[in-house]
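File shown: entry28.cif (mmCIF, C-alpha atoms).
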```cif
data_model
#
loop_
_atom_site.label_atom_id
_atom_site.label_comp_id
_atom_site.auth_asym_id
_atom_site.auth_seq_id
_atom_site.Cartn_x
_atom_site.Cartn_y
_atom_site.Cartn_z
CA MET A 689 120.29 104.98 135.56
CA LYS A 690 120.50 101.40 134.40
CA LEU A 691 120.73 101.49 130.61
CA LEU A 692 119.81 98.66 128.27
CA ALA A 693 121.61 98.77 124.91
CA LEU A 694 119.26 96.65 122.83
CA GLY A 695 121.14 95.39 119.79
CA GLY A 696 124.29 96.68 121.45
CA ALA A 697 126.49 94.02 119.83
CA GLY A 698 125.77 95.36 116.34
CA ALA A 699 127.97 97.85 114.52
CA MET A 700 125.91 100.93 115.34
CA GLY A 701 124.88 99.63 118.73
CA ARG A 702 128.50 99.16 119.79
CA VAL A 703 129.36 102.76 118.95
CA ALA A 704 126.27 104.16 120.67
CA ALA A 705 126.94 102.02 123.74
CA ARG A 706 130.55 103.21 123.83
CA VAL A 707 129.40 106.83 123.95
CA ALA A 708 126.64 106.00 126.46
CA ALA A 709 129.05 104.22 128.82
CA ALA A 710 130.83 107.54 129.42
CA LEU A 711 127.66 109.50 130.25
CA PRO A 712 127.38 110.66 133.87
CA GLY A 713 123.78 109.43 134.16
CA VAL A 714 124.64 105.80 133.37
CA HIS A 715 125.41 103.67 136.43
CA GLU A 716 125.10 100.24 134.79
CA LEU A 717 125.08 99.18 131.15
CA VAL A 718 123.59 95.98 129.78
CA ILE A 719 124.54 94.92 126.25
CA ALA A 720 121.58 92.87 125.02
CA ASP A 721 121.54 91.02 121.73
CA ARG A 722 120.04 87.94 120.12
CA ASP A 723 123.60 86.64 119.80
CA LEU A 724 124.77 86.19 123.40
CA ASP A 725 128.38 85.47 122.45
CA ALA A 726 128.53 88.71 120.44
CA ALA A 727 126.97 90.58 123.38
CA ARG A 728 129.59 89.15 125.72
CA ARG A 729 132.41 90.20 123.40
CA ALA A 730 131.02 93.72 123.08
CA ALA A 731 130.49 93.97 126.83
CA ALA A 732 134.05 92.82 127.52
CA VAL A 733 135.49 95.49 125.23
CA LEU A 734 133.41 98.21 126.85
CA ALA A 735 134.08 97.01 130.39
CA ALA A 736 137.83 97.27 129.80
CA GLY A 737 137.60 101.01 129.35
CA SER A 738 134.57 101.88 131.44
CA THR A 739 134.14 102.95 135.05
CA VAL A 740 130.58 101.58 135.19
CA PRO A 741 129.59 97.90 135.35
CA VAL A 742 128.93 96.40 131.91
CA ARG A 743 127.32 93.00 131.41
CA ALA A 744 125.77 91.00 128.59
CA ALA A 745 122.29 89.56 128.20
CA ARG A 746 120.53 87.57 125.52
CA VAL A 747 117.22 88.86 124.21
CA ASP A 748 115.20 88.21 121.08
CA VAL A 749 112.92 91.19 120.46
CA THR A 750 110.36 88.91 118.82
CA ASP A 751 109.98 87.01 122.11
CA ARG A 752 107.51 89.23 123.98
CA PRO A 753 107.99 87.84 127.52
CA GLU A 754 111.78 87.93 127.12
CA LEU A 755 111.68 91.49 125.81
CA HIS A 756 109.37 92.70 128.58
CA ALA A 757 111.53 91.10 131.25
CA VAL A 758 114.75 92.76 130.11
CA LEU A 759 113.04 96.14 129.64
CA ALA A 760 111.38 96.01 133.05
CA ASP A 761 114.82 95.68 134.62
CA ALA A 762 116.10 98.91 132.99
CA ASP A 763 115.45 102.61 133.47
CA ALA A 764 116.09 103.46 129.83
CA VAL A 765 116.66 101.60 126.57
CA LEU A 766 118.81 102.52 123.59
CA ASN A 767 117.26 100.51 120.76
CA THR A 768 119.45 99.86 117.71
CA VAL A 769 117.64 96.73 116.48
CA GLY A 770 116.67 97.04 112.83
CA PRO A 771 115.14 97.08 110.39
CA TYR A 772 112.63 99.22 112.23
CA TYR A 773 109.76 98.55 109.86
CA ARG A 774 109.83 95.04 111.32
CA TYR A 775 110.74 95.56 114.97
CA GLY A 776 110.50 99.23 116.00
CA LEU A 777 106.84 99.51 116.92
CA ASP A 778 106.79 96.38 119.10
CA VAL A 779 109.88 97.43 121.06
CA LEU A 780 108.48 100.91 121.76
CA ARG A 781 105.14 99.42 122.83
CA ALA A 782 106.98 97.13 125.23
CA ALA A 783 109.01 100.02 126.63
CA ILE A 784 105.85 102.01 127.30
CA ARG A 785 104.26 99.03 129.06
CA THR A 786 107.31 98.59 131.29
CA GLY A 787 107.77 102.32 131.96
CA THR A 788 111.20 102.39 130.32
CA HIS A 789 112.48 105.61 128.75
CA TYR A 790 113.38 105.06 125.10
CA LEU A 791 115.65 106.29 122.29
CA ASP A 792 116.28 104.70 118.90
CA ILE A 793 117.81 105.31 115.47
CA CYS A 794 114.65 104.41 113.51
CA ASP A 795 115.18 105.28 109.85
CA ASP A 796 111.93 103.92 108.36
CA TRP A 797 109.01 106.28 107.84
CA GLU A 798 106.28 103.61 108.20
CA PRO A 799 106.93 102.71 111.87
CA THR A 800 107.69 106.36 112.62
CA VAL A 801 104.09 107.23 111.75
CA ALA A 802 102.78 104.36 113.90
CA MET A 803 105.15 105.08 116.80
CA LEU A 804 104.17 108.75 116.93
CA GLU A 805 100.59 107.58 117.41
CA LEU A 806 101.69 106.04 120.74
CA ASP A 807 102.36 109.54 122.12
CA GLY A 808 99.25 109.48 124.34
CA GLU A 809 100.12 106.08 125.79
CA ALA A 810 103.68 107.20 126.51
CA ARG A 811 102.46 110.37 128.22
CA ALA A 812 100.07 108.38 130.38
CA ALA A 813 102.90 106.02 131.36
CA GLY A 814 105.35 108.87 132.03
CA VAL A 815 107.72 107.50 129.37
CA ARG A 816 109.99 109.84 127.40
CA ALA A 817 110.74 108.49 123.92
CA VAL A 818 112.89 109.96 121.14
CA LEU A 819 112.70 108.45 117.65
CA GLY A 820 115.36 108.51 114.95
CA MET A 821 118.32 110.06 116.78
CA GLY A 822 121.11 108.99 114.44
CA ALA A 823 122.72 110.78 111.50
CA SER A 824 119.71 110.73 109.17
CA PRO A 825 117.26 111.01 110.77
CA GLY A 826 118.69 112.79 113.80
CA VAL A 827 121.49 115.18 112.87
CA SER A 828 119.60 115.95 109.66
CA ASN A 829 116.49 116.98 111.63
CA LEU A 830 118.51 119.28 113.87
CA LEU A 831 120.20 120.86 110.83
CA ALA A 832 116.78 121.40 109.23
CA ALA A 833 115.43 123.06 112.37
CA ARG A 834 118.52 125.26 112.53
CA ALA A 835 118.16 126.32 108.90
CA ALA A 836 114.43 126.97 109.22
CA ALA A 837 115.00 129.15 112.29
CA ARG A 838 116.86 131.65 110.08
CA LEU A 839 113.75 132.25 107.98
CA ASP A 840 110.58 134.23 108.71
CA THR A 841 108.39 131.83 106.73
CA LEU A 842 109.14 128.28 105.58
CA THR A 843 108.01 126.93 102.24
CA ASP A 844 110.24 123.92 101.48
CA VAL A 845 112.65 121.86 103.57
CA TYR A 846 115.00 119.12 102.40
CA THR A 847 117.40 116.79 104.17
CA ALA A 848 120.08 114.87 102.29
CA TRP A 849 122.72 112.20 102.91
CA PRO A 850 125.49 110.71 100.75
CA VAL A 851 125.53 107.31 99.13
CA ASP A 852 128.72 107.15 97.07
CA VAL A 853 129.81 110.78 96.79
CA GLY A 854 131.70 113.10 99.12
CA PRO A 855 133.31 111.06 101.89
CA GLN A 856 132.10 107.75 100.47
CA PRO A 857 134.67 105.83 98.40
CA GLY A 858 134.11 104.90 94.77
CA SER A 859 131.18 105.37 92.44
CA SER A 860 129.79 101.93 91.72
CA PRO A 861 126.92 100.12 93.43
CA ALA A 862 129.37 97.61 94.91
CA ASP A 863 131.05 100.40 96.91
CA THR A 864 128.00 101.29 99.00
CA GLY A 865 128.86 99.01 101.94
CA VAL A 866 125.79 96.79 102.37
CA ARG A 867 127.52 94.02 104.36
CA ASP A 868 127.90 93.98 108.12
CA PRO A 869 131.24 93.10 109.78
CA ASN A 870 130.29 89.41 109.71
CA GLY A 871 129.69 89.46 105.96
CA ALA A 872 125.89 89.21 106.13
CA VAL A 873 123.59 91.64 104.38
CA SER A 874 123.04 94.41 106.93
CA ALA A 875 119.74 95.58 108.36
CA ALA A 876 120.62 99.04 107.02
CA ALA A 877 120.82 97.66 103.47
CA VAL A 878 117.50 95.82 103.84
CA HIS A 879 115.96 99.07 105.12
CA TRP A 880 117.40 100.90 102.11
CA MET A 881 115.75 98.52 99.65
CA GLN A 882 112.43 98.97 101.47
CA GLN A 883 112.74 102.73 101.07
CA ILE A 884 113.59 102.83 97.33
CA SER A 885 110.57 100.70 96.39
CA GLY A 886 106.80 101.01 96.42
CA THR A 887 105.67 104.45 97.53
CA VAL A 888 107.09 106.62 100.29
CA THR A 889 105.87 109.61 102.26
CA ALA A 890 106.78 113.13 101.24
CA VAL A 891 105.24 116.56 101.68
CA GLU A 892 103.66 118.47 98.83
CA ASP A 893 101.83 121.79 99.21
CA GLY A 894 102.05 121.35 102.97
CA ARG A 895 100.33 117.93 102.97
CA LEU A 896 101.67 114.43 103.54
CA VAL A 897 101.42 112.43 100.32
CA ARG A 898 102.58 109.08 98.99
CA ARG A 899 104.88 109.14 95.97
CA PRO A 900 107.29 106.74 94.24
CA PRO A 901 110.87 107.15 95.48
CA LEU A 902 113.90 108.08 93.36
CA ARG A 903 112.25 111.26 92.12
CA PRO A 904 114.88 113.79 90.99
CA VAL A 905 114.93 117.06 92.93
CA VAL A 906 116.95 119.90 91.41
CA LEU A 907 118.40 122.27 94.02
CA ASP A 908 120.10 125.65 93.67
CA LEU A 909 121.36 126.51 97.15
CA PRO A 910 123.46 129.26 98.73
CA GLY A 911 127.22 129.07 98.36
CA GLY A 912 127.08 127.88 94.75
CA HIS A 913 125.79 124.42 95.70
CA ARG A 914 123.77 123.16 92.73
CA GLY A 915 122.78 119.73 91.55
CA THR A 916 120.22 116.94 91.53
CA ALA A 917 119.46 114.55 94.38
CA TYR A 918 116.96 111.69 94.52
CA SER A 919 114.11 111.08 96.95
CA VAL A 920 114.13 108.11 99.30
CA GLY A 921 111.73 106.99 102.01
CA HIS A 922 112.75 108.29 105.45
CA PRO A 923 111.20 109.73 108.61
CA GLU A 924 112.31 113.34 108.10
CA PRO A 925 109.37 114.48 105.91
CA VAL A 926 106.94 112.93 108.42
CA THR A 927 108.40 114.63 111.49
CA LEU A 928 109.39 117.94 109.86
CA HIS A 929 105.84 118.28 108.54
CA ARG A 930 104.68 117.97 112.14
CA SER A 931 107.32 120.18 113.76
CA LEU A 932 108.25 122.85 111.19
CA ARG A 933 105.02 122.89 109.16
CA PRO A 934 106.41 123.77 105.70
CA THR A 935 103.73 125.13 103.38
CA GLY A 936 105.36 123.67 100.28
CA ASP A 937 107.44 120.53 99.84
CA ALA A 938 109.62 118.36 102.08
CA ALA A 939 111.61 115.27 101.16
CA ASN A 940 114.60 113.24 102.21
CA LEU A 941 117.16 112.94 99.45
CA MET A 942 120.15 110.83 98.45
CA VAL A 943 123.22 112.59 97.08
CA VAL A 944 124.26 109.86 94.70
CA SER A 945 126.27 109.32 91.53
CA VAL A 946 124.39 108.84 88.28
CA GLY A 947 125.59 105.24 87.95
CA THR A 948 124.31 104.20 91.35
CA ALA A 949 121.04 106.12 90.90
CA ALA A 950 120.46 104.19 87.68
CA TYR A 951 121.22 100.85 89.34
CA LEU A 952 118.88 101.66 92.24
CA ASP A 953 116.17 102.47 89.70
CA VAL A 954 116.61 99.02 88.14
CA LEU A 955 116.40 97.38 91.57
CA ARG A 956 113.28 99.42 92.32
CA ASP A 957 111.58 98.08 89.19
CA ASP A 958 112.42 94.49 90.13
CA LEU A 959 111.34 94.99 93.75
CA ASP A 960 108.02 96.47 92.69
CA ALA A 961 107.49 93.62 90.21
CA GLY A 962 108.16 91.01 92.91
CA ARG A 963 111.28 89.67 91.21
CA LEU A 964 113.37 90.63 94.26
CA THR A 965 112.85 90.80 97.99
CA ASN A 966 114.51 93.47 100.13
CA GLU A 967 117.12 90.91 101.16
CA THR A 968 117.91 89.64 97.66
CA ALA A 969 117.97 93.20 96.29
CA ALA A 970 120.49 94.21 98.97
CA ALA A 971 122.66 91.21 98.12
CA ASP A 972 122.46 92.10 94.42
CA LEU A 973 123.53 95.67 95.18
CA ASP A 974 126.62 94.26 96.85
CA ARG A 975 127.41 92.06 93.84
CA PRO A 976 125.71 93.65 90.82
CA SER A 977 124.50 91.24 88.17
CA VAL A 978 125.56 91.71 84.56
CA ARG A 979 121.98 91.99 83.29
CA ARG A 980 121.01 94.69 85.79
CA THR A 981 124.28 96.53 85.19
CA LEU A 982 123.47 96.71 81.47
CA ARG A 983 119.92 97.90 82.19
CA ALA A 984 121.31 100.58 84.49
CA ALA A 985 123.86 101.70 81.90
CA ALA A 986 121.04 102.29 79.42
CA ARG A 987 119.20 104.50 81.93
CA ALA A 988 122.16 106.50 83.24
CA PRO A 989 122.35 109.02 80.35
CA ARG A 990 118.85 110.24 81.20
CA LEU A 991 119.78 111.07 84.81
CA ARG A 992 121.46 114.13 86.28
CA GLY A 993 124.22 114.09 88.87
CA PRO A 994 124.80 115.78 92.22
CA GLY A 995 126.92 118.61 90.82
CA THR A 996 128.29 120.71 93.67
CA LEU A 997 125.79 119.67 96.33
CA PRO A 998 127.43 118.93 99.69
CA PRO A 999 127.18 115.28 100.76
CA PHE A 1000 125.17 115.80 103.98
CA PHE A 1001 122.95 118.82 104.53
CA ALA A 1002 119.58 120.36 105.25
CA ALA A 1003 118.10 123.19 103.22
CA ALA A 1004 115.21 125.49 104.12
CA ILE A 1005 113.52 127.73 101.55
CA GLY A 1006 111.09 130.52 102.32
CA THR A 1007 111.27 134.22 103.08
CA ARG A 1008 113.49 136.44 105.20
CA GLY A 1009 112.82 140.14 105.67
CA GLY A 1010 109.99 139.93 103.17
CA ARG A 1011 112.19 138.52 100.41
CA PRO A 1012 112.69 135.00 99.03
CA ALA A 1013 115.54 133.29 100.83
CA ALA A 1014 117.23 129.92 101.27
CA VAL A 1015 119.43 128.62 104.06
CA LEU A 1016 121.84 125.70 103.77
CA ALA A 1017 123.02 124.03 106.98
CA ARG A 1018 125.78 121.45 106.66
CA LEU A 1019 128.51 119.80 108.68
CA ASP A 1020 132.06 120.94 107.99
CA GLY A 1021 135.01 118.71 108.84
CA ALA A 1022 132.82 115.62 109.13
CA GLU A 1023 134.30 113.58 106.27
CA ALA A 1024 135.78 110.89 108.52
CA LEU A 1025 132.61 110.67 110.62
CA LEU A 1026 130.29 110.39 107.62
CA ALA A 1027 132.51 107.78 105.94
CA ASP A 1028 131.78 105.32 108.76
CA MET A 1029 128.07 104.56 109.01
CA ALA A 1030 128.39 103.06 112.48
CA GLU A 1031 130.16 106.13 113.86
CA ALA A 1032 127.92 108.58 111.99
CA THR A 1033 124.83 106.95 113.50
CA GLY A 1034 126.05 105.69 116.86
CA VAL A 1035 127.77 108.86 118.06
CA PRO A 1036 124.67 111.07 117.61
CA ALA A 1037 122.55 108.41 119.29
CA GLY A 1038 124.81 108.45 122.34
CA LEU A 1039 124.83 112.24 122.49
CA GLY A 1040 121.07 112.40 122.13
CA LEU A 1041 120.73 109.82 124.89
CA ALA A 1042 122.66 112.15 127.21
CA GLN A 1043 119.83 114.68 126.92
CA LEU A 1044 117.20 112.01 127.55
CA LEU A 1045 118.93 110.75 130.66
CA ASP A 1046 119.69 114.13 132.26
CA GLY A 1047 116.17 115.48 131.81
CA THR A 1048 116.85 117.94 129.00
CA VAL A 1049 114.17 115.92 127.23
CA GLU A 1050 111.67 116.63 129.97
CA SER A 1051 108.27 115.90 128.44
CA ALA A 1052 106.74 112.44 128.46
CA GLY A 1053 105.51 111.27 125.07
CA VAL A 1054 106.91 110.19 121.72
CA HIS A 1055 109.06 112.86 120.08
CA ALA A 1056 111.10 113.55 116.97
CA PRO A 1057 114.64 114.82 117.63
CA GLU A 1058 113.96 118.39 116.48
CA GLU A 1059 111.08 118.66 118.98
CA VAL A 1060 113.03 117.93 122.16
CA ILE A 1061 116.79 117.75 121.56
CA ASP A 1062 118.67 120.98 122.32
CA GLY A 1063 120.41 121.55 119.00
CA GLU A 1064 122.98 124.06 120.22
CA ARG A 1065 124.09 121.72 122.97
CA PHE A 1066 124.04 118.72 120.66
CA PHE A 1067 126.33 120.29 118.05
CA ALA A 1068 128.67 121.55 120.78
CA ASP A 1069 128.82 118.02 122.21
CA LEU A 1070 129.39 116.61 118.71
CA ALA A 1071 132.33 119.00 118.17
CA ARG A 1072 133.88 117.82 121.44
CA GLN A 1073 133.31 114.17 120.56
CA CYS A 1074 134.58 114.64 116.99
CA PRO A 1075 137.11 117.51 116.98
CA GLY A 1076 136.96 119.65 113.88
CA VAL A 1077 133.26 119.02 113.14
CA GLU A 1078 131.13 122.16 113.08
CA VAL A 1079 127.88 123.42 111.59
CA VAL A 1080 128.20 125.83 108.68
CA GLU A 1081 125.22 127.94 107.60
CA GLU A 1082 125.07 129.60 104.20
CA LEU A 1083 122.41 132.14 103.23
#
```

As a first step, turn the structure in this file into structure tokens.
Amino acid sequence: MKLLALGGAGAMGRVAARVAAALPGVHELVIADRDLDAARRAAAVLAAGSTVPVRAARVDVTDRPELHAVLADADAVLNTVGPYYRYGLDVLRAAIRTGTHYLDICDDWEPTVAMLELDGEARAAGVRAVLGMGASPGVSNLLAARAAARLDTLTDVYTAWPVDVGPQPGSSPADTGVRDPNGAVSAAAVHWMQQISGTVTAVEDGRLVRRPPLRPVVLDLPGGHRGTAYSVGHPEPVTLHRSLRPTGDAANLMVVSVGTAAYLDVLRDDLDAGRLTNETAAADLDRPSVRRTLRAAARAPRLRGPGTLPPFFAAAIGTRGGRPAAVLARLDGAEALLADMAEATGVPAGLGLAQLLDGTVESAGVHAPEEVIDGERFFADLARQCPGVEVVEEL
């Protein structure tokens, strides 16, 4: 197949393209980016260690004719252009129109809802599309499905990722890594500000609802893992509601220090009041202002910390053998992987792409990872790609 790595010059795109270049189903790889010079540099690095042809192309995803032309020339597209609440829906629509198979790392719940609604169009076009195949969403979804499979009935399901605890260095807002390699505020950071403000989707009593983010969720999980995490907007509640059908609650959570949770809460207030945009809030998180730091310090004593919660996990709560039960699924030995956002997101994307290209993902339509990705194979592939990483389940 001829693979188009859209946004392949970015940090996550470069990692995903590196993994994809080694897949047996890829016969040509095109690194496409708005910055042609960056695309050429990324292509040159990949070409030096690849047995398949690698070339660069310039494309601006907001230019519809340009986007359609580059997609029409590819069999499949790996889309790492964010933030997805701005660009995801249009790129998927274009891929469906050009008959191009599709995989992305979409981490915004709003376009996820809209993109899932294109399922019928994708089926009619014979296009196979997988949304959100990164770390979270992606690995988190597959962990949730694995945990839920150990239960007879499912009430609640949670996915969680670390901000500044576990493998992440430091404990202050400035340590959260919101700049890209060029020093600009990253699309991931802009996405993050979008998802800590306004209202986000969660599941309550088995129904999708809209709630303010940064709600504390107290968890008491197997293995002595206890603590408080904070809700954040993400696709997992949307897709797990559809695939696993929990009868209780579902949310995506941040495992975060009290100090950073308090600072995020201050930013949320200013975002909701219109005093900050997503971009200016992300920049402020990188260089906290004195006034917001003082406001956060006043709020911190009222918040609870992560305790002994693992940094990255999924938890399923329900019944097993007629009794209440909980299952915790987490990655062991993944500290180095999780400490690098580009690796943590790009490697799963590449491994998920392998299943799209070889037909393991066989059904046309728009799918969440847990619906079509073979989890056992994925985690085996992840262990080979990242030696020492394995799934641990605790009941």

Neighbours of segment 1031-1046 of chain A within 6 Å (all atoms listed in the file; same-chain residues fewer than 6 positions away dropped), as a VMD selection string? chain A and resid 700 703 to 704 707 to 708 821 to 823 1025

Store the residues of this selection in a file with C-alpha atoms, as a PDB file, keeping the file's coordinate frame.
```pdb
ATOM      1  CA  MET A 700     125.910 100.930 115.340  1.00  0.00           C
ATOM      2  CA  VAL A 703     129.360 102.760 118.950  1.00  0.00           C
ATOM      3  CA  ALA A 704     126.270 104.160 120.670  1.00  0.00           C
ATOM      4  CA  VAL A 707     129.400 106.830 123.950  1.00  0.00           C
ATOM      5  CA  ALA A 708     126.640 106.000 126.460  1.00  0.00           C
ATOM      6  CA  MET A 821     118.320 110.060 116.780  1.00  0.00           C
ATOM      7  CA  GLY A 822     121.110 108.990 114.440  1.00  0.00           C
ATOM      8  CA  ALA A 823     122.720 110.780 111.500  1.00  0.00           C
ATOM      9  CA  LEU A1025     132.610 110.670 110.620  1.00  0.00           C
TER      10      LEU A1025
END
```

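This file gives the following result for the PyMOL selection byres ((chain A and resi 885-902) around 8): Trp797, Met881, Gln882, Gln883, Ile884, Arg903, Pro904, Tyr918, Ser919, Val920, Gly921, His922, Pro925, Val926, His929, Arg933, Pro934, Thr935, Gly936, Asp937, Ala938, Ala939, Asn940, Ala949, Asp953, Arg956, Asp957, Leu959 and Asp960 of chain A.
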
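The set of protein, DNA and RNA residues with any counted atom at most 7 Å from (121.8, 115.1, 107.1) (only C-alpha atoms) reads Ala823, Ser824, Val827, Ser828, Thr847, Ala848, Trp849, Phe1000, Phe1001 and Ala1002 of chain A.
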
Tell me, as a ChimeraX atom specification, which residues lie within 10 Å of Arg834 of chain A, counting only C-alpha atoms; anything in the same chain fewer than 4 positions away does not count. /A:828-830,838-839,1002-1004,1015-1017,1058,1063-1064,1079,1081

Write out as a PDB file with C-alpha atoms, keeping the file's coordinate frame which residues come within 10 Å of Gly912 of chain A when counting only C-alpha atoms, dropping same-chain ones fewer than 6 positions away.
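So the final result, stored in part_14.pdb, reads:
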```
ATOM      1  CA  THR A 996     128.290 120.710  93.670  1.00  0.00           C
ATOM      2  CA  LEU A 997     125.790 119.670  96.330  1.00  0.00           C
ATOM      3  CA  GLU A1082     125.070 129.600 104.200  1.00  0.00           C
TER       4      GLU A1082
END
```

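Ranking A:Thr1048, A:Thr786, A:Ser874, A:Ser945 by their shortest atom-to-atom distance to Arg992 of chain A, with only C-alpha atoms included, puts A:Ser945 first.
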
On this structure, the PyMOL selection byres ((chain A and resi 914) around 9) would catch which residues? List them as a PyMOL selection string, sorted by chain and number. chain A and resi 906-913+915-916+994-998

Would you please work out which residue, of A:Thr841, A:Asn966, A:Thr768, A:Thr800, is nearest to Ala1014 of chain A when using only C-alpha atoms? A:Thr841

Using Å and a single decimal, report how far atom CA of Val765 of chain A sits from atom CA of Ala693 of chain A. 5.9 Å

Polymer residues at most 7 Å from segment 720-726 of chain A, all atoms listed in the file, same-chain spacing of 3 or more positions, as a ChimeraX atom specification: /A:692-697,729-730,744-748

Write to file, as an mmCIF file, in the coordinates of the input, the residues of the selection just made, with C-alpha atoms.
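Saved file again01.cif follows:
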```cif
data_model
loop_
_atom_site.group_PDB
_atom_site.id
_atom_site.type_symbol
_atom_site.label_atom_id
_atom_site.label_comp_id
_atom_site.auth_asym_id
_atom_site.auth_seq_id
_atom_site.Cartn_x
_atom_site.Cartn_y
_atom_site.Cartn_z
ATOM 1 C CA LEU A 692 119.810 98.660 128.270
ATOM 2 C CA ALA A 693 121.610 98.770 124.910
ATOM 3 C CA LEU A 694 119.260 96.650 122.830
ATOM 4 C CA GLY A 695 121.140 95.390 119.790
ATOM 5 C CA GLY A 696 124.290 96.680 121.450
ATOM 6 C CA ALA A 697 126.490 94.020 119.830
ATOM 7 C CA ARG A 729 132.410 90.200 123.400
ATOM 8 C CA ALA A 730 131.020 93.720 123.080
ATOM 9 C CA ALA A 744 125.770 91.000 128.590
ATOM 10 C CA ALA A 745 122.290 89.560 128.200
ATOM 11 C CA ARG A 746 120.530 87.570 125.520
ATOM 12 C CA VAL A 747 117.220 88.860 124.210
ATOM 13 C CA ASP A 748 115.200 88.210 121.080
#
```

Return as lines of an AutoDock Vina configuration file the centre and edge lengths, in Å with one decimal, of the box along x, y and z that encloses every atom of segment 983-999 of chain A in the file, padded by 6 Å per side.
```
center_x = 123.6
center_y = 109.3
center_z = 90.1
size_x = 21.4
size_y = 34.8
size_z = 33.3
```

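When you apply the PyMOL selection byres ((chain A and resi 1052) around 7) to this structure, what comes back is Ala810, Arg811, Gly814, Val815, Arg816, Glu1050, Ser1051 and Gly1053 of chain A.
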
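Between atom CA of Ile719 of chain A and atom CA of Gly737 of chain A there is a distance of 14.7 Å.
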
Give me, please, the distance in Å between atom CA of Gly1010 of chain A and atom CA of Ser931 of chain A, quoted to one decimal. 22.6 Å

When you look at Ile1005 of chain A with a cut-off of 6 Å (counting only C-alpha atoms), what residues show up, excluding the ones that are within fewer than 2 positions of it in the same chain? I need them as a list in words. Leu842, Thr843, Asp844, Ala1013 and Ala1014 of chain A

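Each of A:Leu755, A:Ala783, A:Ala760, A:Leu804 was compared to His1055 of chain A using only C-alpha atoms, and A:Leu804 turns out to be the nearest.
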
Residue with smallest distance to Val851 of chain A - pool A:Val1077, A:Ala732, A:Leu952, A:Ala961, counting all atoms listed in the file: A:Leu952

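Here the question is which of A:Ala1022, A:Val943, A:Leu691, A:Ala984 gets nearest to Pro999 of chain A using only C-alpha atoms, and that residue is A:Val943.
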